[in-house]
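Listing of work.txt; format and content: compact mmCIF, C-alpha atoms.
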```txt
# COMPACT_ATOMS: atom_id res chain seq x y z
CA MET A 1 -11.14 -10.44 11.22
CA LEU A 2 -10.17 -7.25 9.45
CA THR A 3 -8.65 -4.46 11.53
CA ASP A 4 -7.69 -0.83 10.94
CA THR A 5 -4.12 0.29 10.31
CA LYS A 6 -3.62 2.77 13.15
CA LYS A 7 -2.65 0.34 15.90
CA MET A 8 -0.47 -1.83 13.64
CA LEU A 9 1.40 1.18 12.22
CA ASP A 10 1.90 2.81 15.63
CA LYS A 11 3.35 -0.48 16.85
CA ALA A 12 5.60 -0.74 13.79
CA ARG A 13 6.93 2.79 14.27
CA ASP A 14 7.69 2.10 17.93
CA GLY A 15 9.22 -1.30 17.10
CA GLY A 16 11.51 -0.15 14.30
CA TYR A 17 9.99 -2.28 11.54
CA ALA A 18 7.47 -1.64 8.76
CA VAL A 19 4.18 -3.26 7.83
CA GLY A 20 4.11 -4.42 4.23
CA ALA A 21 1.20 -3.03 2.20
CA PHE A 22 0.50 -5.04 -0.93
CA ASN A 23 -1.74 -4.14 -3.85
CA ALA A 24 -4.08 -6.93 -4.92
CA GLU A 25 -5.76 -7.13 -8.31
CA ASN A 26 -7.84 -10.29 -7.89
CA ALA A 27 -8.86 -13.00 -5.42
CA GLU A 28 -5.72 -15.05 -6.04
CA MET A 29 -3.51 -12.16 -5.00
CA VAL A 30 -5.62 -11.40 -1.90
CA PHE A 31 -5.32 -14.97 -0.65
CA ALA A 32 -1.62 -15.12 -1.54
CA ILE A 33 -0.88 -11.99 0.50
CA VAL A 34 -2.76 -13.22 3.56
CA ALA A 35 -1.15 -16.67 3.29
CA ALA A 36 2.30 -15.05 3.19
CA ALA A 37 1.51 -12.97 6.28
CA GLU A 38 0.30 -16.07 8.10
CA LYS A 39 3.47 -17.97 7.25
CA CYS A 40 5.64 -15.04 8.40
CA LYS A 41 3.46 -14.33 11.47
CA ALA A 42 3.34 -10.70 10.39
CA PRO A 43 0.66 -8.00 10.19
CA VAL A 44 -0.30 -7.11 6.64
CA ILE A 45 -2.23 -4.52 4.65
CA LEU A 46 -4.26 -5.44 1.56
CA GLN A 47 -4.83 -2.47 -0.69
CA MET A 48 -6.49 -1.57 -3.95
CA THR A 49 -6.20 1.48 -6.20
CA PRO A 50 -9.10 3.31 -7.90
CA SER A 51 -8.51 1.54 -11.23
CA THR A 52 -8.64 -1.86 -9.53
CA LEU A 53 -11.93 -0.80 -7.96
CA ARG A 54 -13.28 0.07 -11.39
CA TYR A 55 -12.42 -3.49 -12.41
CA LEU A 56 -14.24 -4.93 -9.39
CA PRO A 57 -16.19 -2.66 -7.01
CA PRO A 58 -15.13 -2.07 -3.39
CA ALA A 59 -17.87 -4.33 -2.00
CA CYS A 60 -16.55 -7.25 -4.04
CA PHE A 61 -12.96 -6.84 -2.82
CA ALA A 62 -14.22 -6.29 0.73
CA GLY A 63 -16.01 -9.64 0.60
CA ILE A 64 -12.93 -11.42 -0.74
CA ALA A 65 -10.69 -9.79 1.86
CA ALA A 66 -13.08 -10.61 4.69
CA ALA A 67 -13.15 -14.26 3.59
CA ALA A 68 -9.34 -14.38 3.43
CA ALA A 69 -8.95 -12.72 6.83
CA GLN A 70 -11.73 -14.63 8.58
CA ASN A 71 -9.51 -17.40 9.91
CA ALA A 72 -6.22 -15.51 9.87
CA THR A 73 -4.26 -15.40 13.10
CA VAL A 74 -2.45 -12.20 12.06
CA PRO A 75 -3.83 -8.64 11.79
CA VAL A 76 -5.13 -7.91 8.28
CA ALA A 77 -6.25 -4.46 7.15
CA LEU A 78 -8.14 -3.54 3.99
CA HIS A 79 -6.98 -0.21 2.60
CA LEU A 80 -7.91 2.13 -0.24
CA ASP A 81 -4.65 3.18 -1.90
CA HIS A 82 -4.46 6.61 -3.59
CA GLY A 83 -8.13 7.44 -3.16
CA ASP A 84 -8.83 10.15 -5.72
CA SER A 85 -12.20 11.41 -4.46
CA LEU A 86 -14.19 11.66 -1.25
CA ASP A 87 -16.99 9.74 -2.97
CA LEU A 88 -14.67 6.75 -3.45
CA VAL A 89 -13.46 7.06 0.14
CA LYS A 90 -17.04 6.85 1.38
CA GLU A 91 -17.90 3.98 -0.98
CA CYS A 92 -14.98 1.97 0.38
CA LEU A 93 -15.91 2.75 3.98
CA ASP A 94 -19.52 1.74 3.30
CA ALA A 95 -18.22 -1.54 1.85
CA GLY A 96 -16.22 -2.35 4.99
CA TYR A 97 -12.74 -1.03 4.28
CA THR A 98 -10.88 -0.51 7.54
CA SER A 99 -8.45 2.10 6.21
CA VAL A 100 -8.47 4.69 3.44
CA MET A 101 -6.07 7.06 1.77
CA PHE A 102 -7.02 10.37 0.27
CA ASP A 103 -4.32 11.48 -2.15
CA GLY A 104 -4.46 15.23 -2.63
CA SER A 105 -0.71 15.56 -3.17
CA ARG A 106 -1.12 17.25 -6.56
CA LEU A 107 -3.35 19.95 -5.05
CA PRO A 108 -2.24 23.18 -3.36
CA PHE A 109 -1.31 22.63 0.30
CA ASP A 110 -4.45 24.20 1.82
CA GLU A 111 -6.83 22.31 -0.49
CA ASN A 112 -5.00 19.03 0.10
CA ALA A 113 -5.14 19.50 3.88
CA ALA A 114 -8.83 20.49 3.88
CA LEU A 115 -9.98 17.58 1.71
CA THR A 116 -7.80 15.13 3.62
CA ALA A 117 -9.35 16.40 6.88
CA GLU A 118 -12.77 15.60 5.43
CA ALA A 119 -11.58 12.09 4.55
CA VAL A 120 -10.32 11.73 8.13
CA ARG A 121 -13.74 12.73 9.48
CA LEU A 122 -15.43 10.18 7.24
CA ALA A 123 -13.02 7.46 8.34
CA ARG A 124 -13.59 8.29 12.02
CA ASP A 125 -17.35 7.83 11.56
CA TYR A 126 -16.65 4.23 10.49
CA GLY A 127 -13.94 3.48 13.05
CA ALA A 128 -11.39 3.39 10.23
CA SER A 129 -7.98 5.02 9.84
CA CYS A 130 -6.84 7.50 7.19
CA GLU A 131 -3.60 8.13 5.32
CA GLY A 132 -2.70 11.35 3.55
CA GLU A 133 0.11 12.33 1.20
CA LEU A 134 2.33 15.40 1.06
CA GLY A 135 5.00 15.95 -1.56
CA THR A 136 5.19 14.35 -4.99
CA VAL A 137 5.96 10.67 -5.45
CA GLY A 138 6.92 10.44 -9.11
CA GLY A 139 5.93 7.90 -11.74
CA LYS A 140 2.48 6.64 -12.62
CA GLU A 141 -0.13 5.19 -10.26
CA ASP A 142 -3.40 4.33 -12.01
CA LEU A 143 -4.27 7.38 -14.15
CA LEU A 144 -2.24 9.74 -11.98
CA GLU A 145 1.20 10.66 -13.26
CA ALA A 146 3.68 13.02 -11.65
CA GLN A 147 7.30 14.04 -11.92
CA ALA A 148 9.50 13.31 -8.93
CA GLY A 149 11.35 16.14 -7.25
CA ALA A 150 8.93 17.82 -4.82
CA TYR A 151 10.31 16.26 -1.66
CA THR A 152 8.23 16.54 1.50
CA ASP A 153 9.21 19.48 3.68
CA PRO A 154 9.37 18.53 7.41
CA ASP A 155 7.78 21.77 8.62
CA GLN A 156 5.00 21.51 6.06
CA ALA A 157 4.45 17.91 7.13
CA ALA A 158 3.94 19.01 10.72
CA ALA A 159 1.41 21.64 9.64
CA PHE A 160 -0.37 19.15 7.39
CA VAL A 161 -0.73 16.62 10.20
CA ARG A 162 -2.08 19.27 12.58
CA THR A 163 -4.61 20.51 10.04
CA SER A 164 -5.77 17.18 8.60
CA GLY A 165 -5.56 14.88 11.61
CA VAL A 166 -4.30 11.94 9.53
CA ASP A 167 -3.16 8.70 11.17
CA SER A 168 -0.27 8.15 8.74
CA LEU A 169 1.48 10.19 6.08
CA ALA A 170 2.91 9.19 2.70
CA VAL A 171 5.99 11.29 2.06
CA ALA A 172 8.18 12.00 -0.95
CA VAL A 173 11.87 11.17 -0.60
CA GLY A 174 12.66 10.43 -4.25
CA THR A 175 10.85 7.15 -4.90
CA ALA A 176 8.45 6.68 -7.83
CA HIS A 177 5.53 4.48 -8.77
CA GLY A 178 5.82 1.94 -11.54
CA VAL A 179 9.03 0.61 -13.09
CA TYR A 180 12.30 2.42 -12.42
CA ARG A 181 14.08 3.27 -15.68
CA THR A 182 17.06 4.76 -13.87
CA VAL A 183 18.41 4.54 -10.33
CA PRO A 184 16.30 6.94 -8.22
CA LYS A 185 17.95 9.80 -6.34
CA LEU A 186 16.76 9.23 -2.79
CA ASP A 187 16.99 11.52 0.19
CA LEU A 188 16.55 9.01 3.01
CA ALA A 189 18.15 11.41 5.50
CA ARG A 190 14.93 13.42 5.17
CA ILE A 191 12.88 10.63 6.80
CA PRO A 192 13.92 11.16 10.45
CA LEU A 193 13.60 14.93 9.97
CA ILE A 194 9.98 14.50 8.86
CA GLN A 195 9.34 11.98 11.62
CA ALA A 196 10.62 14.39 14.27
CA LYS A 197 8.27 17.12 13.07
CA ALA A 198 5.18 15.14 12.08
CA ASP A 199 5.34 12.54 14.88
CA LEU A 200 3.23 9.82 13.26
CA PRO A 201 3.82 6.70 11.13
CA LEU A 202 5.34 7.50 7.73
CA VAL A 203 4.59 5.62 4.51
CA LEU A 204 6.98 4.78 1.66
CA HIS A 205 5.30 4.58 -1.75
CA GLY A 206 7.08 3.32 -4.85
CA ALA A 207 9.10 0.56 -3.14
CA SER A 208 8.81 -1.90 -6.04
CA GLY A 209 12.19 -2.15 -7.74
CA LEU A 210 14.22 -0.66 -4.90
CA GLN A 211 17.14 -2.73 -3.66
CA ASP A 212 16.40 -4.59 -0.43
CA ALA A 213 19.18 -2.71 1.35
CA VAL A 214 17.54 0.61 0.42
CA VAL A 215 14.15 -0.50 1.79
CA ARG A 216 15.79 -1.71 4.99
CA GLU A 217 17.55 1.64 5.40
CA ALA A 218 14.29 3.54 4.84
CA VAL A 219 12.61 1.42 7.50
CA ALA A 220 15.52 1.92 9.90
CA LYS A 221 15.20 5.67 9.42
CA GLY A 222 11.50 5.69 10.26
CA MET A 223 9.19 4.31 7.57
CA ALA A 224 6.40 2.29 9.24
CA LYS A 225 4.49 1.22 6.10
CA VAL A 226 6.02 0.19 2.79
CA ASN A 227 3.89 -0.17 -0.36
CA PHE A 228 4.52 -2.79 -3.04
CA ALA A 229 2.43 -2.99 -6.22
CA THR A 230 4.32 -3.25 -9.53
CA GLU A 231 6.51 -6.19 -8.47
CA LEU A 232 3.44 -8.20 -7.45
CA ARG A 233 1.82 -7.60 -10.82
CA GLN A 234 5.01 -8.64 -12.57
CA ALA A 235 5.33 -11.79 -10.46
CA PHE A 236 1.73 -12.83 -11.04
CA THR A 237 1.77 -12.18 -14.78
CA GLY A 238 5.17 -13.79 -15.27
CA ALA A 239 4.08 -16.99 -13.54
CA VAL A 240 0.87 -17.22 -15.57
CA ARG A 241 2.78 -16.65 -18.82
CA LYS A 242 5.24 -19.37 -17.88
CA ALA A 243 2.46 -21.83 -17.02
CA LEU A 244 0.69 -21.22 -20.33
CA ALA A 245 3.95 -21.46 -22.29
CA GLU A 246 4.68 -24.81 -20.68
CA ASP A 247 1.16 -26.08 -21.41
CA PRO A 248 -0.31 -24.20 -24.41
CA GLN A 249 -3.39 -26.45 -24.32
CA ALA A 250 -4.31 -25.43 -20.77
CA PHE A 251 -7.79 -23.97 -20.48
CA ASP A 252 -8.65 -24.28 -16.78
CA PRO A 253 -8.00 -20.85 -15.19
CA LYS A 254 -7.73 -22.38 -11.73
CA LYS A 255 -4.55 -24.18 -12.72
CA TYR A 256 -2.55 -21.38 -14.31
CA LEU A 257 -3.87 -18.69 -11.96
CA ASP A 258 -2.71 -20.84 -9.08
CA GLN A 259 0.84 -20.48 -10.39
CA GLY A 260 0.39 -16.70 -10.20
CA ARG A 261 -0.89 -17.01 -6.63
CA ARG A 262 2.12 -19.10 -5.58
CA SER A 263 4.55 -16.62 -7.15
CA VAL A 264 2.93 -13.67 -5.38
CA GLN A 265 2.96 -15.46 -2.03
CA LYS A 266 6.66 -16.19 -2.33
CA LEU A 267 7.42 -12.56 -3.21
CA VAL A 268 5.30 -11.18 -0.36
CA GLU A 269 7.07 -13.43 2.13
CA GLN A 270 10.39 -12.02 0.95
CA LYS A 271 9.18 -8.40 1.18
CA ILE A 272 7.84 -8.96 4.70
CA GLN A 273 11.31 -10.15 5.70
CA VAL A 274 12.89 -7.04 4.14
CA CYS A 275 10.51 -4.86 6.16
CA GLY A 276 11.59 -6.62 9.36
CA ALA A 277 8.01 -7.62 10.19
CA VAL A 278 8.48 -11.39 10.56
CA GLY A 279 7.07 -12.53 13.92
CA GLN A 280 5.55 -9.11 14.70
CA ALA A 281 1.88 -10.20 14.57
```
Can you turn what I pasted into structure tokens?
Amino acid sequence: MLTDTKKMLDKARDGGYAVGAFNAENAEMVFAIVAAAEKCKAPVILQMTPSTLRYLPPACFAGIAAAAAQNATVPVALHLDHGDSLDLVKECLDAGYTSVMFDGSRLPFDENAALTAEAVRLARDYGASCEGELGTVGGKEDLLEAQAGAYTDPDQAAAFVRTSGVDSLAVAVGTAHGVYRTVPKLDLARIPLIQAKADLPLVLHGASGLQDAVVREAVAKGMAKVNFATELRQAFTGAVRKALAEDPQAFDPKKYLDQGRRSVQKLVEQKIQVCGAVGQA
């Protein structure tokens, strides 16, 4: 059964670990992520971005996720990552998503808070949870691109939470989406300051490519949800390329896509360990 993210993230914050949130692009990745969570006995969040949902609509991914979670013994949530409109938020909720994110981080503070509050109200109507974002996480996510540097201000975070009513908050501490070209300048000391003011589970975006020790430190300082996307895409694509290079005559997608699935599962298991979530289901 699919569940929302509020209870699992509250538990993670109180327990000093983080729930891994993994972006899936196809059925193979969905099943790989759930299989990894089962093996690690860990809660897990499946998530999709707007561009993924233009590739396959929310209802399709909701059906795949429900099938993968049906017999799972661990909590599985289905989450919209970086929702870029209230229409998409509602479409995902209608389809059965148990958690949504409205990303208004590029908007002025008041507009971001107001639109996020509307997303929260929509989510509440469906018994779902809602994530917001304050500050600028750099890099490129889907068609959205931003420069890093606008770190989340703790006092603003507190005001944003009061105004919007979000269940979790993505914050900017120097990470970026996509592939890191240089070593990021992180301000992890900011995390407990935000946590003290906002008093809710915090979310780390742009974790792909960070050293494991850095992710562990971010979790120790208060991150309750850690997002991984780029590394999963790289793992899946790399395994499929390798399979086709080894057998250029292969034409059955089930065989080479299975290699991608296996590679993603292995990577997700490792990331769950880094987040300290093994055995926390």
### Query
By how many Å are atom CA of Met101 of chain A and atom CA of Gly222 of chain A apart?
19.6 Å
### Message
So that I can check the surroundings of Ala69 of chain A, please list as a list of chain:residue names every protein, DNA and RNA residue that reaches within 10 Å of it, counting all atoms listed in the file and ignoring chain neighbours fewer than 2 positions away.
### Response
A:Met1, A:Leu2, A:Thr3, A:Val30, A:Phe31, A:Val34, A:Ala35, A:Glu38, A:Gly63, A:Ile64, A:Ala65, A:Ala66, A:Ala67, A:Asn71, A:Ala72, A:Thr73, A:Val74, A:Pro75, A:Val76, A:Ala77, A:Leu78
### Message
To one decimal place in Å, what is the distance between atom CA of Val219 of chain A and atom CA of Arg106 of chain A?
### Response
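These two atoms are separated by 25.2 Å.
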Selection near segment 118-120 of chain A, 8 Å with only C-alpha atoms, sequence-local residues under 2 positions removed, as a PDB file with C-alpha atoms, in the frame of the given file:
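For reference, selection.pdb as written:
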```
ATOM      1  CA  LEU A  86     -14.190  11.660  -1.250  1.00  0.00           C
ATOM      2  CA  VAL A  89     -13.460   7.060   0.140  1.00  0.00           C
ATOM      3  CA  MET A 101      -6.070   7.060   1.770  1.00  0.00           C
ATOM      4  CA  PHE A 102      -7.020  10.370   0.270  1.00  0.00           C
ATOM      5  CA  ALA A 114      -8.830  20.490   3.880  1.00  0.00           C
ATOM      6  CA  LEU A 115      -9.980  17.580   1.710  1.00  0.00           C
ATOM      7  CA  THR A 116      -7.800  15.130   3.620  1.00  0.00           C
ATOM      8  CA  LEU A 122     -15.430  10.180   7.240  1.00  0.00           C
ATOM      9  CA  ALA A 123     -13.020   7.460   8.340  1.00  0.00           C
ATOM     10  CA  ARG A 124     -13.590   8.290  12.020  1.00  0.00           C
ATOM     11  CA  SER A 129      -7.980   5.020   9.840  1.00  0.00           C
ATOM     12  CA  CYS A 130      -6.840   7.500   7.190  1.00  0.00           C
ATOM     13  CA  SER A 164      -5.770  17.180   8.600  1.00  0.00           C
ATOM     14  CA  GLY A 165      -5.560  14.880  11.610  1.00  0.00           C
ATOM     15  CA  VAL A 166      -4.300  11.940   9.530  1.00  0.00           C
TER      16      VAL A 166
END
```
### Query
So, counting all atoms listed in the file, which residue among A:Gly83, A:Tyr126, A:Ala159, A:Thr52 is closest to Gly96 of chain A?
A:Tyr126
### Task
Could you check which of A:Gln273, A:Arg121, A:Asp4, A:Gly15 is closest to Tyr97 of chain A, using all atoms listed in the file?
A:Asp4
### Task
Go through A:Gln156, A:Gln70, A:Asn26, A:Ser99 one by one, measure the shortest atom-to-atom distance of each to Leu193 of chain A using all atoms listed in the file, and give the residue with the smallest value.
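Result for the nearest residue to Leu193 of chain A: A:Gln156.
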So for segment 245-248 of chain A, what box centre and size do we get, axis-aligned, 3 Å extra on each of the six sides, every listed atom, Å to one decimal, as AutoDock Vina command-line options?
```
--center_x 2.2 --center_y -23.8 --center_z -22.5 --size_x 11.0 --size_y 10.6 --size_z 9.7
```
### Task
Could you give me, as a list in words, the residues that have an atom at most 8 Å away from the point (1.0, -16.1, 1.2) in the coordinates of the file, using only C-alpha atoms?
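Checked against the point, the hits come out as Phe31, Ala32, Ile33, Val34, Ala35, Ala36, Ala37, Glu38, Lys39, Arg262, Val264, Gln265, Lys266, Val268 and Glu269 of chain A.
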### Message
Within 12 Å of (4.7, -6.8, -5.7) (file coordinates; only C-alpha atoms), which protein or nucleic acid residues are there? I'd like them as a ChimeraX atom specification.
### Response
/A:20-25,29-30,32-33,46-47,177-179,206-210,226-238,260-261,263-272
From the block you just saw, export segment 90-101 of chain A: N, CA and C atoms, as a PDB file, in the first residue's frame.
```pdb
ATOM      1  N   LYS A  90      -2.763  19.024  -8.725  1.00  0.00           N
ATOM      2  CA  LYS A  90      -4.093  18.416  -8.646  1.00  0.00           C
ATOM      3  C   LYS A  90      -4.187  17.161  -9.508  1.00  0.00           C
ATOM      4  N   GLU A  91      -3.572  17.192 -10.685  1.00  0.00           N
ATOM      5  CA  GLU A  91      -3.603  16.006 -11.551  1.00  0.00           C
ATOM      6  C   GLU A  91      -2.947  14.817 -10.862  1.00  0.00           C
ATOM      7  N   CYS A  92      -1.835  15.063 -10.188  1.00  0.00           N
ATOM      8  CA  CYS A  92      -1.161  13.978  -9.471  1.00  0.00           C
ATOM      9  C   CYS A  92      -2.003  13.480  -8.304  1.00  0.00           C
ATOM     10  N   LEU A  93      -2.608  14.387  -7.571  1.00  0.00           N
ATOM     11  CA  LEU A  93      -3.464  13.985  -6.454  1.00  0.00           C
ATOM     12  C   LEU A  93      -4.667  13.186  -6.957  1.00  0.00           C
ATOM     13  N   ASP A  94      -5.260  13.622  -8.048  1.00  0.00           N
ATOM     14  CA  ASP A  94      -6.380  12.880  -8.645  1.00  0.00           C
ATOM     15  C   ASP A  94      -5.957  11.472  -9.047  1.00  0.00           C
ATOM     16  N   ALA A  95      -4.703  11.332  -9.473  1.00  0.00           N
ATOM     17  CA  ALA A  95      -4.199  10.037  -9.939  1.00  0.00           C
ATOM     18  C   ALA A  95      -3.848   9.091  -8.791  1.00  0.00           C
ATOM     19  N   GLY A  96      -3.743   9.629  -7.569  1.00  0.00           N
ATOM     20  CA  GLY A  96      -3.426   8.772  -6.436  1.00  0.00           C
ATOM     21  C   GLY A  96      -2.081   9.017  -5.796  1.00  0.00           C
ATOM     22  N   TYR A  97      -1.408  10.107  -6.175  1.00  0.00           N
ATOM     23  CA  TYR A  97      -0.150  10.439  -5.512  1.00  0.00           C
ATOM     24  C   TYR A  97      -0.432  10.744  -4.042  1.00  0.00           C
ATOM     25  N   THR A  98       0.467  10.285  -3.181  1.00  0.00           N
ATOM     26  CA  THR A  98       0.265  10.456  -1.744  1.00  0.00           C
ATOM     27  C   THR A  98       1.035  11.646  -1.184  1.00  0.00           C
ATOM     28  N   SER A  99       1.822  12.290  -2.024  1.00  0.00           N
ATOM     29  CA  SER A  99       2.631  13.425  -1.597  1.00  0.00           C
ATOM     30  C   SER A  99       2.947  14.283  -2.817  1.00  0.00           C
ATOM     31  N   VAL A 100       2.984  15.598  -2.626  1.00  0.00           N
ATOM     32  CA  VAL A 100       3.291  16.493  -3.735  1.00  0.00           C
ATOM     33  C   VAL A 100       4.241  17.582  -3.258  1.00  0.00           C
ATOM     34  N   MET A 101       4.968  18.135  -4.212  1.00  0.00           N
ATOM     35  CA  MET A 101       5.796  19.299  -3.941  1.00  0.00           C
ATOM     36  C   MET A 101       5.375  20.407  -4.893  1.00  0.00           C
TER      37      MET A 101
END
```
